[in-house]
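Data from entry34.cif: mmCIF, C-alpha atoms
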```
data_structure
loop_
_atom_site.label_atom_id
_atom_site.label_comp_id
_atom_site.auth_asym_id
_atom_site.auth_seq_id
_atom_site.Cartn_x
_atom_site.Cartn_y
_atom_site.Cartn_z
CA ILE A 20 30.09 65.35 -49.71
CA LEU A 21 32.36 64.88 -46.72
CA HIS A 22 30.35 67.23 -44.55
CA GLY A 23 32.38 70.30 -43.62
CA ILE A 24 35.53 68.88 -45.21
CA ASP A 25 35.48 68.23 -48.96
CA ILE A 26 33.48 67.29 -52.06
CA LEU A 27 34.53 64.26 -54.07
CA THR A 28 33.45 63.19 -57.57
CA PHE A 29 33.32 59.65 -58.92
CA ASN A 30 36.02 58.65 -61.41
CA ARG A 31 34.48 55.86 -63.50
CA ILE A 32 37.81 54.79 -65.00
CA LYS A 33 39.54 54.45 -61.66
CA ASN A 34 36.30 53.33 -59.96
CA ARG A 35 36.75 55.61 -57.01
CA PHE A 36 35.75 58.94 -55.49
CA GLU A 37 38.37 61.67 -55.66
CA ARG A 38 38.89 65.41 -55.53
CA ASN A 39 38.82 66.97 -59.03
CA ARG A 40 39.17 70.76 -59.07
CA ARG A 41 38.26 70.98 -62.77
CA ILE A 42 34.82 69.50 -62.15
CA ILE A 43 34.08 71.33 -58.92
CA ASN A 44 36.12 73.76 -56.85
CA PHE A 45 35.69 76.13 -53.93
CA PRO A 46 37.93 78.34 -51.76
CA GLY A 47 40.06 76.97 -48.97
CA GLY A 48 38.35 77.10 -45.62
CA TRP A 49 34.90 76.96 -47.23
CA ASN A 50 34.02 73.77 -45.32
CA PRO A 51 31.33 72.54 -47.77
CA THR A 52 28.09 71.21 -46.35
CA TRP A 53 25.72 70.83 -49.33
CA LEU A 54 25.50 71.33 -53.10
CA GLN A 55 22.83 71.59 -55.79
CA PHE A 56 22.65 72.43 -59.49
CA ASP A 57 20.29 75.26 -60.46
CA ALA A 58 18.34 75.48 -63.73
CA SER A 59 21.28 77.19 -65.46
CA GLY A 60 23.75 74.46 -64.56
CA ARG A 61 25.55 76.41 -61.84
CA ILE A 62 26.78 74.31 -58.94
CA TRP A 63 25.79 76.04 -55.71
CA ILE A 64 27.83 75.08 -52.67
CA SER A 65 27.10 75.99 -49.08
CA GLY A 66 29.55 76.03 -46.22
CA LYS A 67 30.37 77.60 -42.90
CA ALA A 68 31.54 80.70 -44.77
CA GLY A 69 28.34 81.25 -46.74
CA LEU A 70 26.86 80.41 -50.15
CA GLY A 71 28.31 80.60 -53.66
CA TYR A 72 28.49 78.76 -56.94
CA PHE A 73 31.17 77.23 -59.12
CA ASP A 74 31.25 78.40 -62.74
CA ARG A 75 32.64 75.43 -64.67
CA GLN A 76 33.21 77.39 -67.87
CA LYS A 77 35.21 80.14 -66.20
CA GLN A 78 36.63 77.77 -63.60
CA GLN A 79 35.94 80.17 -60.77
CA PHE A 80 33.93 80.29 -57.57
CA VAL A 81 31.42 83.16 -57.38
CA THR A 82 30.08 84.73 -54.19
CA ALA A 83 29.05 88.14 -55.56
CA ARG A 84 27.14 89.67 -58.46
CA SER A 85 28.81 92.65 -60.21
CA GLY A 86 31.11 93.02 -57.25
CA VAL A 87 28.24 93.14 -54.76
CA PRO A 88 27.92 90.19 -52.34
CA PHE A 89 24.81 88.09 -52.84
CA PHE A 90 23.59 89.06 -49.38
CA SER A 91 24.43 92.24 -47.46
CA SER A 92 24.25 90.18 -44.29
CA PRO A 93 25.93 86.90 -45.26
CA PHE A 94 24.67 83.50 -44.19
CA ARG A 95 26.91 81.60 -41.84
CA HIS A 96 27.08 77.94 -40.89
CA ILE A 97 24.69 76.79 -43.62
CA HIS A 98 23.76 73.22 -42.80
CA ARG A 99 21.43 72.55 -45.75
CA PHE A 100 19.86 74.50 -48.59
CA PHE A 101 17.42 73.74 -51.38
CA ILE A 102 16.62 75.40 -54.73
CA ASP A 103 13.04 74.81 -55.85
CA ALA A 104 11.55 74.87 -59.36
CA ARG A 105 10.88 78.60 -59.00
CA ASN A 106 14.57 79.23 -58.24
CA ARG A 107 13.84 80.09 -54.61
CA PHE A 108 16.53 79.25 -52.05
CA PHE A 109 15.49 77.61 -48.77
CA ILE A 110 18.50 78.03 -46.50
CA TYR A 111 18.96 76.37 -43.13
CA GLU A 112 21.66 77.83 -40.88
CA LYS A 113 22.63 75.76 -37.88
CA GLU A 114 25.40 75.67 -35.36
CA ARG A 115 26.02 72.61 -33.27
CA HIS A 116 23.41 71.82 -30.57
CA SER A 117 21.00 74.50 -31.84
CA ASN A 118 17.63 74.30 -33.62
CA GLY A 119 18.88 76.49 -36.44
CA ILE A 120 17.33 79.28 -38.53
CA LEU A 121 15.35 78.72 -41.73
CA SER A 122 15.21 81.42 -44.43
CA LEU A 123 13.74 81.95 -47.88
CA ALA A 124 16.21 83.89 -50.04
CA ASP A 125 17.12 85.10 -53.53
CA PRO A 126 20.87 85.63 -54.07
CA PHE A 127 20.30 87.71 -57.20
CA THR A 128 18.11 90.32 -55.48
CA GLY A 129 19.55 89.99 -51.98
CA GLN A 130 16.09 89.49 -50.51
CA ARG A 131 15.74 87.16 -47.58
CA LYS A 132 13.20 86.47 -44.85
CA HIS A 133 12.99 84.09 -41.95
CA ILE A 134 10.33 81.38 -42.22
CA ARG A 135 8.87 79.19 -39.50
CA ALA A 136 9.06 75.44 -39.18
CA MET A 137 6.71 73.24 -37.17
CA PRO A 138 8.59 70.48 -35.31
CA ASN A 139 6.82 67.63 -33.56
CA PRO A 140 4.89 68.52 -30.39
CA GLN A 141 6.94 68.58 -27.18
CA SER A 142 10.15 68.61 -29.24
CA ASN A 143 12.99 70.59 -27.67
CA TYR A 144 15.41 69.90 -30.53
CA HIS A 145 14.90 69.49 -34.27
CA ASP A 146 17.25 69.32 -37.24
CA PHE A 147 16.50 69.48 -40.96
CA TYR A 148 18.30 66.74 -42.89
CA GLY A 149 17.07 67.88 -46.26
CA PHE A 150 14.36 69.27 -48.54
CA THR A 151 12.74 67.95 -51.70
CA GLU A 152 10.04 68.92 -54.18
CA HIS A 153 7.37 66.72 -55.77
CA ALA A 154 4.44 67.94 -57.90
CA GLY A 155 5.02 71.51 -56.78
CA MET A 156 5.01 70.59 -53.08
CA ILE A 157 8.11 71.24 -50.98
CA TRP A 158 8.90 68.94 -48.09
CA GLY A 159 11.34 69.50 -45.24
CA TYR A 160 12.38 66.58 -43.06
CA GLY A 161 14.83 65.46 -40.40
CA VAL A 162 14.94 64.90 -36.65
CA ASP A 163 11.58 65.65 -34.99
CA VAL A 164 10.40 67.51 -38.09
CA PHE A 165 8.40 66.45 -41.17
CA ASN A 166 6.86 69.53 -42.79
CA LEU A 167 5.14 70.70 -45.94
CA PHE A 168 5.67 74.27 -47.18
CA GLU A 169 2.38 76.17 -47.23
CA GLU A 170 2.44 78.70 -50.06
CA SER A 171 -0.56 80.56 -48.63
CA ASP A 172 1.29 81.80 -45.54
CA GLY A 173 4.90 81.24 -46.61
CA HIS A 174 5.90 78.90 -43.79
CA PHE A 175 6.45 75.19 -43.16
CA ALA A 176 3.73 73.24 -41.33
CA THR A 177 3.16 69.68 -40.25
CA PHE A 178 0.47 67.74 -42.10
CA PHE A 179 -0.37 65.08 -39.50
CA SER A 180 -0.50 64.92 -35.72
CA PRO A 181 2.49 62.87 -34.52
CA ASP A 182 0.95 62.52 -31.04
CA ASN A 183 -2.30 61.07 -32.39
CA PRO A 184 -2.11 57.25 -32.32
CA ASP A 185 -4.94 56.90 -34.85
CA HIS A 186 -2.67 57.88 -37.74
CA GLY A 187 -0.49 54.83 -37.20
CA ILE A 188 2.59 56.98 -37.86
CA ARG A 189 5.42 56.70 -35.36
CA VAL A 190 8.33 58.79 -36.58
CA THR A 191 11.12 60.66 -34.84
CA THR A 192 13.60 60.92 -37.71
CA VAL A 193 12.92 61.13 -41.46
CA SER A 194 16.19 60.53 -43.28
CA GLN A 195 15.09 60.43 -46.93
CA LEU A 196 12.17 61.06 -49.31
CA PHE A 197 11.96 59.79 -52.88
CA LYS A 198 9.28 59.31 -55.55
CA ASP A 199 8.83 56.11 -57.56
CA HIS A 200 7.67 55.69 -61.18
CA ASP A 201 4.03 55.49 -60.08
CA GLY A 202 4.18 58.85 -58.35
CA HIS A 203 4.12 57.46 -54.80
CA ILE A 204 6.34 59.17 -52.24
CA TRP A 205 8.41 56.87 -50.02
CA VAL A 206 9.55 58.05 -46.61
CA ALA A 207 12.55 56.43 -44.91
CA THR A 208 12.30 56.81 -41.11
CA ASP A 209 13.73 55.49 -37.88
CA ASN A 210 10.55 53.39 -37.61
CA GLY A 211 10.56 51.79 -41.05
CA LEU A 212 9.45 52.75 -44.55
CA TYR A 213 6.18 54.58 -45.21
CA SER A 214 4.56 55.44 -48.54
CA MET A 215 2.17 58.23 -49.46
CA SER A 216 -0.06 58.67 -52.51
CA ILE A 217 -0.44 62.26 -53.71
CA ILE A 218 -3.78 62.87 -55.39
CA GLN A 219 -3.62 65.13 -58.47
CA ASP A 220 -1.63 68.35 -58.09
CA HIS A 221 -3.42 69.74 -55.04
CA ILE A 222 -3.18 68.77 -51.41
CA ARG A 223 -4.18 70.67 -48.31
CA ASN A 224 -3.82 69.69 -44.68
CA ILE A 225 -6.14 70.47 -41.81
CA LEU A 226 -4.58 70.61 -38.35
CA THR A 227 -7.25 69.91 -35.76
CA GLY A 228 -5.08 70.32 -32.68
CA ARG A 229 -6.34 73.82 -31.92
CA THR A 230 -9.95 72.57 -31.91
CA PHE A 231 -9.67 68.99 -30.69
CA GLY A 232 -6.56 69.24 -28.53
CA THR A 233 -5.36 65.68 -27.96
CA ALA A 234 -8.80 64.17 -28.62
CA ALA A 235 -8.72 61.51 -31.33
CA MET A 236 -10.49 62.26 -34.60
CA THR A 237 -13.26 59.72 -35.17
CA ASP A 238 -14.94 60.61 -38.47
CA ILE A 239 -14.92 63.09 -41.36
CA ALA A 240 -17.55 64.02 -43.94
CA ALA A 241 -17.77 66.33 -46.93
CA LEU A 242 -20.89 68.51 -46.64
CA ALA A 243 -22.95 69.70 -49.59
CA ASP A 244 -21.86 73.37 -49.38
CA ASN A 245 -18.04 73.19 -49.71
CA ARG A 246 -17.56 72.44 -46.05
CA ILE A 247 -15.83 69.63 -44.21
CA LEU A 248 -17.16 68.26 -40.94
CA ALA A 249 -14.85 66.40 -38.57
CA SER A 250 -15.70 64.70 -35.29
CA SER A 251 -13.67 63.74 -32.26
CA TRP A 252 -14.02 61.70 -29.11
CA GLY A 253 -14.04 64.43 -26.47
CA GLY A 254 -13.36 67.50 -28.63
CA ARG A 255 -16.84 67.95 -30.16
CA LEU A 256 -17.26 68.77 -33.86
CA ALA A 257 -15.18 70.98 -36.14
CA VAL A 258 -16.29 72.61 -39.41
CA TYR A 259 -13.98 73.85 -42.16
CA ALA A 260 -14.89 75.79 -45.31
CA TYR A 261 -12.82 75.66 -48.50
CA ASP A 262 -12.84 77.57 -51.80
CA LYS A 263 -11.92 76.69 -55.41
CA ASP A 264 -8.21 77.03 -54.55
CA LEU A 265 -8.65 74.67 -51.58
CA LYS A 266 -7.94 77.45 -49.12
CA ILE A 267 -9.26 76.17 -45.83
CA THR A 268 -10.72 78.26 -42.99
CA GLU A 269 -12.32 77.23 -39.74
CA ASP A 270 -16.07 77.95 -39.74
CA GLN A 271 -16.38 79.14 -36.16
CA LYS A 272 -19.91 80.48 -36.68
CA MET A 273 -21.29 77.09 -37.68
CA MET A 274 -19.32 75.38 -34.91
CA ALA A 275 -20.93 77.71 -32.37
CA LEU A 276 -24.41 77.02 -33.76
CA LEU A 277 -23.88 73.25 -33.55
CA TYR A 278 -23.57 73.34 -29.74
CA ARG A 279 -25.44 76.53 -28.88
CA GLN A 280 -28.35 74.65 -27.26
CA ALA A 281 -26.37 71.72 -25.84
CA PRO A 282 -27.60 70.46 -22.43
CA LYS A 283 -25.41 71.83 -19.68
CA GLY A 284 -23.37 69.27 -17.79
CA ASP A 285 -23.85 66.44 -20.31
CA ARG A 286 -20.40 65.90 -21.81
CA GLN A 287 -21.45 62.76 -23.69
CA PHE A 288 -22.47 64.97 -26.61
CA ASN A 289 -18.80 66.04 -26.90
CA LYS A 290 -17.73 62.44 -27.56
CA VAL A 291 -18.75 61.97 -31.18
CA TRP A 292 -18.24 58.65 -32.94
CA ALA A 293 -19.94 59.07 -36.33
CA ILE A 294 -21.36 61.78 -38.58
CA ALA A 295 -23.47 61.93 -41.76
CA GLN A 296 -25.53 64.41 -43.77
CA ALA A 297 -28.96 63.62 -45.19
CA PRO A 298 -28.99 64.72 -48.88
CA ASN A 299 -32.77 65.16 -48.97
CA THR A 300 -32.99 67.56 -46.00
CA GLY A 301 -29.41 68.74 -45.49
CA ASP A 302 -29.67 67.76 -41.83
CA ILE A 303 -26.42 66.71 -40.16
CA TRP A 304 -26.49 63.75 -37.77
CA ALA A 305 -23.87 63.03 -35.13
CA GLY A 306 -23.79 59.81 -33.12
CA CYS A 307 -22.27 60.21 -29.67
CA GLN A 308 -21.30 58.33 -26.56
CA ALA A 309 -23.93 56.69 -24.35
CA GLY A 310 -26.78 56.75 -26.88
CA ARG A 311 -26.71 60.49 -27.52
CA LEU A 312 -27.66 61.96 -30.90
CA ILE A 313 -27.34 65.42 -32.39
CA ARG A 314 -29.41 66.55 -35.36
CA PHE A 315 -28.37 69.92 -36.78
CA SER A 316 -30.42 71.80 -39.35
CA PRO A 317 -28.21 74.16 -41.40
CA HIS A 318 -31.33 75.89 -42.70
CA ALA A 319 -32.69 76.65 -39.23
CA GLY A 320 -29.23 77.08 -37.71
CA LYS A 321 -29.99 75.04 -34.61
CA SER A 322 -29.45 71.58 -33.16
CA GLU A 323 -31.64 69.05 -31.46
CA PHE A 324 -29.99 67.01 -28.72
CA MET A 325 -31.53 63.58 -28.10
CA ALA A 326 -31.08 60.45 -26.00
CA PRO A 327 -33.72 58.05 -27.40
CA PRO A 328 -34.44 55.15 -24.99
CA ILE A 329 -34.34 52.67 -27.88
CA PHE A 330 -30.53 53.03 -27.95
CA GLY A 331 -30.29 51.70 -24.39
CA GLY A 332 -27.50 54.12 -23.53
CA GLN A 333 -25.19 52.45 -26.08
CA SER A 334 -22.71 54.58 -28.04
CA VAL A 335 -23.70 55.29 -31.64
CA ARG A 336 -20.72 54.05 -33.65
CA SER A 337 -22.01 54.42 -37.24
CA ILE A 338 -24.58 56.41 -39.22
CA ALA A 339 -25.75 56.21 -42.83
CA VAL A 340 -28.58 57.75 -44.84
CA ALA A 341 -30.46 55.45 -47.21
CA SER A 342 -31.70 56.46 -50.67
CA ASP A 343 -35.25 56.79 -49.29
CA GLY A 344 -34.07 59.35 -46.71
CA CYS A 345 -34.26 57.03 -43.72
CA VAL A 346 -31.36 57.37 -41.28
CA TRP A 347 -29.66 54.17 -40.05
CA PHE A 348 -27.69 53.89 -36.82
CA GLY A 349 -25.36 51.18 -35.49
CA THR A 350 -24.47 50.94 -31.80
CA ASP A 351 -21.61 49.65 -29.73
CA ASP A 352 -23.57 46.57 -28.62
CA GLY A 353 -24.80 45.67 -32.13
CA ARG A 354 -28.19 47.37 -32.42
CA ILE A 355 -29.31 48.43 -35.90
CA ILE A 356 -31.84 51.21 -35.59
CA ARG A 357 -33.68 53.03 -38.37
CA ARG A 358 -35.36 56.41 -38.18
CA SER A 359 -38.20 56.99 -40.61
CA GLY A 360 -39.90 60.36 -40.21
CA ASP A 361 -39.87 60.96 -36.44
CA ARG A 362 -39.99 57.27 -35.45
CA PHE A 363 -37.04 55.12 -34.35
CA GLU A 364 -37.28 51.36 -35.01
CA LEU A 365 -35.01 48.54 -33.81
CA LEU A 366 -34.38 46.28 -36.83
CA ALA A 367 -31.80 43.85 -35.45
CA HIS A 368 -29.47 43.20 -32.54
CA LEU A 369 -26.26 41.56 -33.77
CA GLU A 370 -24.54 41.66 -30.36
CA SER A 371 -21.34 42.91 -31.98
CA THR A 372 -20.18 46.49 -32.48
CA ILE A 373 -21.56 47.99 -35.71
CA SER A 374 -18.46 49.62 -37.17
CA CYS A 375 -19.95 50.80 -40.48
CA ILE A 376 -23.17 51.02 -42.48
CA HIS A 377 -23.17 51.66 -46.23
CA PRO A 378 -26.12 52.03 -48.61
CA GLY A 379 -26.02 49.58 -51.52
CA ASN A 380 -28.00 49.02 -54.68
CA ASN A 381 -31.75 48.31 -54.79
CA GLY A 382 -32.29 49.71 -51.31
CA ASN A 383 -29.91 47.27 -49.64
CA MET A 384 -27.83 48.32 -46.64
CA TRP A 385 -24.45 46.77 -45.91
CA ILE A 386 -23.47 46.33 -42.26
CA GLY A 387 -19.94 45.85 -40.92
CA THR A 388 -19.18 44.58 -37.41
CA LEU A 389 -16.18 44.28 -35.13
#
```
For the file at hand, write its structure as structure tokens.
Amino acid sequence: ILHGIDILTFNRIKNRFERNRRIINFPGGWNPTWLQFDASGRIWISGKAGLGYFDRQKQQFVTARSGVPFFSSPFRHIHRFFIDARNRFFIYEKERHSNGILSLADPFTGQRKHIRAMPNPQSNYHDFYGFTEHAGMIWGYGVDVFNLFEESDGHFATFFSPDNPDHGIRVTTVSQLFKDHDGHIWVATDNGLYSMSIIQDHIRNILTGRTFGTAAMTDIAALADNRILASSWGGRLAVYAYDKDLKITEDQKMMALLYRQAPKGDRQFNKVWAIAQAPNTGDIWAGCQAGRLIRFSPHAGKSEFMAPPIFGGQSVRSIAVASDGCVWFGTDDGRIIRRSGDRFELLAHLESTISCIHPGNNGNMWIGTL
């Protein structure tokens, strides 16, 4: 496609691209911008004048059904469009130097509605380069925008926080998406090539910006009752509930209970490094800055806020629960502390940050350091 000018097809005999009106044709002044085949083999072509398709059998360009235009209010200046597996049309209208308008439409019923996009934070200009579909998921991408279409609310949304350095993703422009034979999605960007692995046929994204703001996420844990607990350094804890369809909602009631009895003026409890749930009691542990600990009992609906002297004011960087129910803690300065019953015990001091603790076989505990 020579954008806004012409559409060429490849002549294998002559080994060149050329205009062939028998293969594809459109009216003069159409100024083509994009094309796509639908499930019936029609070639849909967008342009500054609207949207239509070329019927190769009848050798004619169609912009109306039974004499009635596809849309009572025609689209103008279509920059990109996309037809998904359900024959829905995602249409992006855009004039030069504008952010454009995104719509979901059906040319055979005339229905259309505007849908939202979610560009990168602080973006004052975004531009969709294209759309694609993989495993039932529809992606939109371009300048300052990389979105996934959320079927639950009918709008596009981002699925990572571009301003959060912990993701390791630095992208302004996404120019292409494609899937390889192993099912991995490759993303071509202005900052190199990224790959993503899609697990099964279901994926949901949790945006923590409303809860955490710009605070970095530090840990995440799946709780025993179809809830997800996430921690942040400065933004406290967030709890999300999900159902069998993976519909996610913020559990504001539980979030309020977690901090209902927090000591006033001590913001160290807001800076959470690590979280874990004890399977035997259901208690949730959170390790915080400066030797602070939170133990929340879901059954009682209340938290206990602690600053045990044995931690020496050192940040609690890792937590794990052993098979015998004992809770293990690792600190910033290398202390390994175990809680058995109500008693804390210092087991070792490695003098190096304890980054992770994992229970192993036969009662062993594996310790990782930085």
The PyMOL selection byres ((chain A and resi 109) around 9) resolved against shown file, as a PyMOL selection string: chain A and resi 99-103+107-108+110-111+121-124+150
Shell around Ser142 (chain A) at 12 Å using all atoms listed in the file, local window under 4 positions removed, as number ranges by chain: A: 118, 137-138, 146, 162-164, 181-182, 191-192
Distance query region 254-267 of chain A at most 9 Å, all atoms listed in the file, self and fewer than 2 positions along chain excluded, as an MDAnalysis selection string: chainID A and resid 171 221:225 227 230:236 244:252 269:271 273:274 277:278 288:291 305
Writing out the chosen residues with C-alpha atoms as an mmCIF file, in the frame of the given file:
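Result file is out-v8.cif:
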```cif
data_model
loop_
_atom_site.group_PDB
_atom_site.id
_atom_site.type_symbol
_atom_site.label_atom_id
_atom_site.label_comp_id
_atom_site.auth_asym_id
_atom_site.auth_seq_id
_atom_site.Cartn_x
_atom_site.Cartn_y
_atom_site.Cartn_z
ATOM 1 C CA SER A 171 -0.560 80.560 -48.630
ATOM 2 C CA HIS A 221 -3.420 69.740 -55.040
ATOM 3 C CA ILE A 222 -3.180 68.770 -51.410
ATOM 4 C CA ARG A 223 -4.180 70.670 -48.310
ATOM 5 C CA ASN A 224 -3.820 69.690 -44.680
ATOM 6 C CA ILE A 225 -6.140 70.470 -41.810
ATOM 7 C CA THR A 227 -7.250 69.910 -35.760
ATOM 8 C CA THR A 230 -9.950 72.570 -31.910
ATOM 9 C CA PHE A 231 -9.670 68.990 -30.690
ATOM 10 C CA GLY A 232 -6.560 69.240 -28.530
ATOM 11 C CA THR A 233 -5.360 65.680 -27.960
ATOM 12 C CA ALA A 234 -8.800 64.170 -28.620
ATOM 13 C CA ALA A 235 -8.720 61.510 -31.330
ATOM 14 C CA MET A 236 -10.490 62.260 -34.600
ATOM 15 C CA ASP A 244 -21.860 73.370 -49.380
ATOM 16 C CA ASN A 245 -18.040 73.190 -49.710
ATOM 17 C CA ARG A 246 -17.560 72.440 -46.050
ATOM 18 C CA ILE A 247 -15.830 69.630 -44.210
ATOM 19 C CA LEU A 248 -17.160 68.260 -40.940
ATOM 20 C CA ALA A 249 -14.850 66.400 -38.570
ATOM 21 C CA SER A 250 -15.700 64.700 -35.290
ATOM 22 C CA SER A 251 -13.670 63.740 -32.260
ATOM 23 C CA TRP A 252 -14.020 61.700 -29.110
ATOM 24 C CA GLU A 269 -12.320 77.230 -39.740
ATOM 25 C CA ASP A 270 -16.070 77.950 -39.740
ATOM 26 C CA GLN A 271 -16.380 79.140 -36.160
ATOM 27 C CA MET A 273 -21.290 77.090 -37.680
ATOM 28 C CA MET A 274 -19.320 75.380 -34.910
ATOM 29 C CA LEU A 277 -23.880 73.250 -33.550
ATOM 30 C CA TYR A 278 -23.570 73.340 -29.740
ATOM 31 C CA PHE A 288 -22.470 64.970 -26.610
ATOM 32 C CA ASN A 289 -18.800 66.040 -26.900
ATOM 33 C CA LYS A 290 -17.730 62.440 -27.560
ATOM 34 C CA VAL A 291 -18.750 61.970 -31.180
ATOM 35 C CA ALA A 305 -23.870 63.030 -35.130
#
```
Could you give me, as a compact mmCIF listing (two decimals) with C-alpha atoms, in the frame of the given file, the residues within 6 Å of Thr208 (chain A), counting all atoms listed in the file and dropping anything in the same chain fewer than 3 positions from it?
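Now in selection.txt:
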```
# COMPACT_ATOMS: atom_id res chain seq x y z
CA THR A 192 13.60 60.92 -37.71
CA VAL A 193 12.92 61.13 -41.46
CA SER A 194 16.19 60.53 -43.28
CA GLY A 211 10.56 51.79 -41.05
```
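Put simply, CA of Ser92 (chain A) is 23.0 Å away from CA of Arg105 (chain A).
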Long-range neighbours of region 345-349 of chain A as a list in words, 6 Å cut-off, all atoms listed in the file, 3 positions minimum in chain: Val335, Arg336, Ser337, Ile338, Ala339, Val340, Ala341, Arg354, Ile355, Ile356, Arg357, Arg358, Ser359 and Ile373 of chain A
Selection result of the PyMOL selection byres ((chain A and resi 53) around 8) on this file, as a PyMOL selection string: chain A and resi 20+22+51-52+54-55+64-66+98-100
Spatial neighbours of Ile42 (chain A), 12 Å, all atoms listed in the file, chain gap at least 2 places, as a list in words: Ile26, Leu27, Thr28, Phe29, Asn30, Glu37, Arg38, Asn39, Arg40, Asn44, Phe45, Arg61, Ile62, Phe73, Asp74, Arg75, Gln76, Lys77, Gln78, Gln79 and Phe80 of chain A
Serialized selection, C-alpha atoms, as a CSV table (one decimal), in the coordinates of the input:
```csv
chain,number,residue,atom,x,y,z
A,26,ILE,CA,33.5,67.3,-52.1
A,27,LEU,CA,34.5,64.3,-54.1
A,28,THR,CA,33.4,63.2,-57.6
A,29,PHE,CA,33.3,59.6,-58.9
A,30,ASN,CA,36.0,58.6,-61.4
A,37,GLU,CA,38.4,61.7,-55.7
A,38,ARG,CA,38.9,65.4,-55.5
A,39,ASN,CA,38.8,67.0,-59.0
A,40,ARG,CA,39.2,70.8,-59.1
A,44,ASN,CA,36.1,73.8,-56.8
A,45,PHE,CA,35.7,76.1,-53.9
A,61,ARG,CA,25.6,76.4,-61.8
A,62,ILE,CA,26.8,74.3,-58.9
A,73,PHE,CA,31.2,77.2,-59.1
A,74,ASP,CA,31.2,78.4,-62.7
A,75,ARG,CA,32.6,75.4,-64.7
A,76,GLN,CA,33.2,77.4,-67.9
A,77,LYS,CA,35.2,80.1,-66.2
A,78,GLN,CA,36.6,77.8,-63.6
A,79,GLN,CA,35.9,80.2,-60.8
A,80,PHE,CA,33.9,80.3,-57.6
```
Distance in Å - CA of Ser374 (chain A) versus CA of Ile239 (chain A):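 These atoms are spaced 14.5 Å apart.
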Residue IDs satisfying the PyMOL selection byres ((chain A and resi 135) around 9), as number ranges by chain: A: 120-122, 133-134, 136-137, 173-176
Residue nearest Gly382 (chain A) among A:Ser342, A:Phe324, A:His368, A:Arg41 (counting only C-alpha atoms):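 Between A:Ser342, A:Phe324, A:His368, A:Arg41, the residue approaching Gly382 (chain A) most closely is A:Ser342.
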Which residue of A:Asp361, A:Asp25, A:Glu152, A:Asp199 approaches Leu167 (chain A) most closely, using only C-alpha atoms: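 So, comparing all the options, the nearest one is A:Glu152.
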